[in-house]
Amino acid sequence: MLYWEGYISEYALASFALYRLDHPGPIDLVEWAGQVRAKIEREDFAGYRVAIRMYEAAIDAAEGIARLIDFLNGRLVDVEA
């Protein structure tokens, strides 16, 4: 839904979807972003430019979602608004 509503990019959607195929269940966005960042910083991964762009977009989306969750924790949200 985040993609279809314009909140995350197609690259981020693809990265999250591929991850979900191999890892059913909830995603810990902070842990996932750290793992992916370490993966793309390896020297032997540098040749995969498209994959790096996809992962960077997904990291950006994951960090944004995590910040939004932190912001909303403990706040009352008017779901009718």
# chains A, B, ... in the order shown; residues from 1 in each chain; ligands from 1
>>> residues_around(residues="segment 33-36 of chain A", least_positions_apart="6", cutoff="9 Å", atoms="only C-alpha atoms", output="PyMOL selection string")
chain A and resi 55-56+58-60+62-63
>>> residues_around(residues="segment 65-70 of chain A", least_positions_apart="5", cutoff="10 Å", atoms="only C-alpha atoms", output="VMD selection string")
chain A and resid 7 to 8 28 to 30 59 to 60 75
>>> write_last_selection(atoms="N, CA and C atoms", output="mmCIF file, in the first residue's frame")
data_model
loop_
_atom_site.group_PDB
_atom_site.id
_atom_site.type_symbol
_atom_site.label_atom_id
_atom_site.label_comp_id
_atom_site.auth_asym_id
_atom_site.auth_seq_id
_atom_site.Cartn_x
_atom_site.Cartn_y
_atom_site.Cartn_z
ATOM 1 N N TYR A 7 4.174 6.634 -1.160
ATOM 2 C CA TYR A 7 5.053 6.915 -0.033
ATOM 3 C C TYR A 7 6.448 6.311 -0.169
ATOM 4 N N ILE A 8 6.575 5.230 -0.924
ATOM 5 C CA ILE A 8 7.890 4.634 -1.160
ATOM 6 C C ILE A 8 8.070 4.422 -2.659
ATOM 7 N N ASP A 28 12.024 -6.257 10.971
ATOM 8 C CA ASP A 28 12.600 -5.253 11.874
ATOM 9 C C ASP A 28 13.357 -4.281 10.978
ATOM 10 N N LEU A 29 12.767 -3.119 10.706
ATOM 11 C CA LEU A 29 13.333 -2.189 9.731
ATOM 12 C C LEU A 29 14.722 -1.696 10.113
ATOM 13 N N VAL A 30 14.954 -1.456 11.379
ATOM 14 C CA VAL A 30 16.257 -0.955 11.814
ATOM 15 C C VAL A 30 17.334 -2.011 11.591
ATOM 16 N N ILE A 59 16.540 1.356 2.091
ATOM 17 C CA ILE A 59 17.081 1.843 3.366
ATOM 18 C C ILE A 59 16.447 3.183 3.706
ATOM 19 N N ASP A 60 16.375 4.060 2.727
ATOM 20 C CA ASP A 60 15.761 5.376 2.917
ATOM 21 C C ASP A 60 14.309 5.229 3.378
ATOM 22 N N ARG A 75 1.404 8.647 20.911
ATOM 23 C CA ARG A 75 0.531 9.758 20.527
ATOM 24 C C ARG A 75 -0.833 9.220 20.128
#
>>> select_by_dssp(residues="segment 6-58 of chain A", states="helix (DSSP H, G or I)", output="VMD selection string")
chain A and resid 10 to 22 29 to 41 43 to 45 49 to 58
>>> residues_around(residues="segment 9-22 of chain A", least_positions_apart="2", cutoff="6 Å", atoms="only C-alpha atoms", output="number ranges by chain")
A: 24, 54, 57-58
>>> write_last_selection(atoms="N, CA and C atoms", output="PDB file, in the first residue's frame")
ATOM      1  N   PRO A  24       9.480 -14.770   5.733  1.00  0.00           N
ATOM      2  CA  PRO A  24       8.093 -14.493   6.118  1.00  0.00           C
ATOM      3  C   PRO A  24       8.025 -13.915   7.531  1.00  0.00           C
ATOM      4  N   MET A  54      18.642   0.046  -5.553  1.00  0.00           N
ATOM      5  CA  MET A  54      17.443  -0.523  -4.951  1.00  0.00           C
ATOM      6  C   MET A  54      17.562  -0.570  -3.438  1.00  0.00           C
ATOM      7  N   ALA A  57      17.379   2.926  -1.835  1.00  0.00           N
ATOM      8  CA  ALA A  57      15.998   3.412  -1.787  1.00  0.00           C
ATOM      9  C   ALA A  57      15.225   2.727  -0.659  1.00  0.00           C
ATOM     10  N   ALA A  58      15.446   1.440  -0.494  1.00  0.00           N
ATOM     11  CA  ALA A  58      14.755   0.702   0.560  1.00  0.00           C
ATOM     12  C   ALA A  58      15.242   1.131   1.942  1.00  0.00           C
TER      13      ALA A  58
END
>>> atom_distance(atom1="atom CA of Ile40 of chain A", atom2="atom CA of Glu5 of chain A")
27.8 Å
>>> decode(residues="segment 4-31 of chain A", atoms="N, CA and C atoms", output="PDB file, in the first residue's frame")
ATOM      1  N   TRP A   4       1.702   2.069  -3.610  1.00  0.00           N
ATOM      2  CA  TRP A   4       0.555   2.498  -4.408  1.00  0.00           C
ATOM      3  C   TRP A   4       0.051   3.874  -3.998  1.00  0.00           C
ATOM      4  N   GLU A   5       0.287   4.253  -2.742  1.00  0.00           N
ATOM      5  CA  GLU A   5      -0.130   5.577  -2.280  1.00  0.00           C
ATOM      6  C   GLU A   5       0.975   6.619  -2.457  1.00  0.00           C
ATOM      7  N   GLY A   6       2.118   6.204  -3.013  1.00  0.00           N
ATOM      8  CA  GLY A   6       3.183   7.146  -3.338  1.00  0.00           C
ATOM      9  C   GLY A   6       4.157   7.459  -2.215  1.00  0.00           C
ATOM     10  N   TYR A   7       4.174   6.634  -1.160  1.00  0.00           N
ATOM     11  CA  TYR A   7       5.053   6.915  -0.033  1.00  0.00           C
ATOM     12  C   TYR A   7       6.448   6.311  -0.169  1.00  0.00           C
ATOM     13  N   ILE A   8       6.575   5.230  -0.924  1.00  0.00           N
ATOM     14  CA  ILE A   8       7.890   4.634  -1.160  1.00  0.00           C
ATOM     15  C   ILE A   8       8.070   4.422  -2.659  1.00  0.00           C
ATOM     16  N   SER A   9       9.309   4.333  -3.070  1.00  0.00           N
ATOM     17  CA  SER A   9       9.625   4.187  -4.496  1.00  0.00           C
ATOM     18  C   SER A   9       9.456   2.746  -4.966  1.00  0.00           C
ATOM     19  N   GLU A  10       9.489   2.590  -6.284  1.00  0.00           N
ATOM     20  CA  GLU A  10       9.419   1.251  -6.871  1.00  0.00           C
ATOM     21  C   GLU A  10      10.628   0.418  -6.458  1.00  0.00           C
ATOM     22  N   TYR A  11      11.794   1.062  -6.367  1.00  0.00           N
ATOM     23  CA  TYR A  11      12.999   0.348  -5.915  1.00  0.00           C
ATOM     24  C   TYR A  11      12.827  -0.177  -4.490  1.00  0.00           C
ATOM     25  N   ALA A  12      12.276   0.658  -3.615  1.00  0.00           N
ATOM     26  CA  ALA A  12      12.065   0.226  -2.230  1.00  0.00           C
ATOM     27  C   ALA A  12      11.066  -0.924  -2.185  1.00  0.00           C
ATOM     28  N   LEU A  13       9.983  -0.810  -2.942  1.00  0.00           N
ATOM     29  CA  LEU A  13       8.990  -1.884  -3.000  1.00  0.00           C
ATOM     30  C   LEU A  13       9.635  -3.195  -3.442  1.00  0.00           C
ATOM     31  N   ALA A  14      10.451  -3.141  -4.482  1.00  0.00           N
ATOM     32  CA  ALA A  14      11.099  -4.355  -4.991  1.00  0.00           C
ATOM     33  C   ALA A  14      12.007  -4.974  -3.932  1.00  0.00           C
ATOM     34  N   SER A  15      12.760  -4.149  -3.230  1.00  0.00           N
ATOM     35  CA  SER A  15      13.660  -4.668  -2.198  1.00  0.00           C
ATOM     36  C   SER A  15      12.890  -5.324  -1.062  1.00  0.00           C
ATOM     37  N   PHE A  16      11.830  -4.654  -0.594  1.00  0.00           N
ATOM     38  CA  PHE A  16      11.035  -5.225   0.486  1.00  0.00           C
ATOM     39  C   PHE A  16      10.330  -6.501   0.034  1.00  0.00           C
ATOM     40  N   ALA A  17       9.816  -6.514  -1.190  1.00  0.00           N
ATOM     41  CA  ALA A  17       9.107  -7.690  -1.698  1.00  0.00           C
ATOM     42  C   ALA A  17      10.048  -8.881  -1.814  1.00  0.00           C
ATOM     43  N   LEU A  18      11.248  -8.650  -2.333  1.00  0.00           N
ATOM     44  CA  LEU A  18      12.225  -9.740  -2.443  1.00  0.00           C
ATOM     45  C   LEU A  18      12.603 -10.267  -1.068  1.00  0.00           C
ATOM     46  N   TYR A  19      12.764  -9.383  -0.112  1.00  0.00           N
ATOM     47  CA  TYR A  19      13.093  -9.806   1.250  1.00  0.00           C
ATOM     48  C   TYR A  19      11.971 -10.677   1.827  1.00  0.00           C
ATOM     49  N   ARG A  20      10.726 -10.257   1.604  1.00  0.00           N
ATOM     50  CA  ARG A  20       9.580 -10.987   2.150  1.00  0.00           C
ATOM     51  C   ARG A  20       9.457 -12.390   1.563  1.00  0.00           C
ATOM     52  N   LEU A  21       9.908 -12.589   0.327  1.00  0.00           N
ATOM     53  CA  LEU A  21       9.854 -13.924  -0.263  1.00  0.00           C
ATOM     54  C   LEU A  21      10.700 -14.908   0.526  1.00  0.00           C
ATOM     55  N   ASP A  22      11.835 -14.449   1.024  1.00  0.00           N
ATOM     56  CA  ASP A  22      12.761 -15.319   1.750  1.00  0.00           C
ATOM     57  C   ASP A  22      12.564 -15.293   3.262  1.00  0.00           C
ATOM     58  N   HIS A  23      11.891 -14.256   3.785  1.00  0.00           N
ATOM     59  CA  HIS A  23      11.767 -14.074   5.233  1.00  0.00           C
ATOM     60  C   HIS A  23      10.321 -13.752   5.605  1.00  0.00           C
ATOM     61  N   PRO A  24       9.480 -14.770   5.733  1.00  0.00           N
ATOM     62  CA  PRO A  24       8.093 -14.493   6.118  1.00  0.00           C
ATOM     63  C   PRO A  24       8.025 -13.915   7.531  1.00  0.00           C
ATOM     64  N   GLY A  25       6.990 -13.161   7.793  1.00  0.00           N
ATOM     65  CA  GLY A  25       6.815 -12.562   9.112  1.00  0.00           C
ATOM     66  C   GLY A  25       7.196 -11.091   9.098  1.00  0.00           C
ATOM     67  N   PRO A  26       7.107 -10.462  10.254  1.00  0.00           N
ATOM     68  CA  PRO A  26       7.394  -9.017  10.330  1.00  0.00           C
ATOM     69  C   PRO A  26       8.870  -8.707  10.068  1.00  0.00           C
ATOM     70  N   ILE A  27       9.109  -7.513   9.568  1.00  0.00           N
ATOM     71  CA  ILE A  27      10.464  -7.047   9.285  1.00  0.00           C
ATOM     72  C   ILE A  27      10.867  -6.049  10.355  1.00  0.00           C
ATOM     73  N   ASP A  28      12.024  -6.257  10.971  1.00  0.00           N
ATOM     74  CA  ASP A  28      12.600  -5.253  11.874  1.00  0.00           C
ATOM     75  C   ASP A  28      13.357  -4.281  10.978  1.00  0.00           C
ATOM     76  N   LEU A  29      12.767  -3.119  10.706  1.00  0.00           N
ATOM     77  CA  LEU A  29      13.333  -2.189   9.731  1.00  0.00           C
ATOM     78  C   LEU A  29      14.722  -1.696  10.113  1.00  0.00           C
ATOM     79  N   VAL A  30      14.954  -1.456  11.379  1.00  0.00           N
ATOM     80  CA  VAL A  30      16.257  -0.955  11.814  1.00  0.00           C
ATOM     81  C   VAL A  30      17.334  -2.011  11.591  1.00  0.00           C
ATOM     82  N   GLU A  31      17.038  -3.244  12.001  1.00  0.00           N
ATOM     83  CA  GLU A  31      17.994  -4.343  11.809  1.00  0.00           C
ATOM     84  C   GLU A  31      18.229  -4.604  10.323  1.00  0.00           C
TER      85      GLU A  31
END
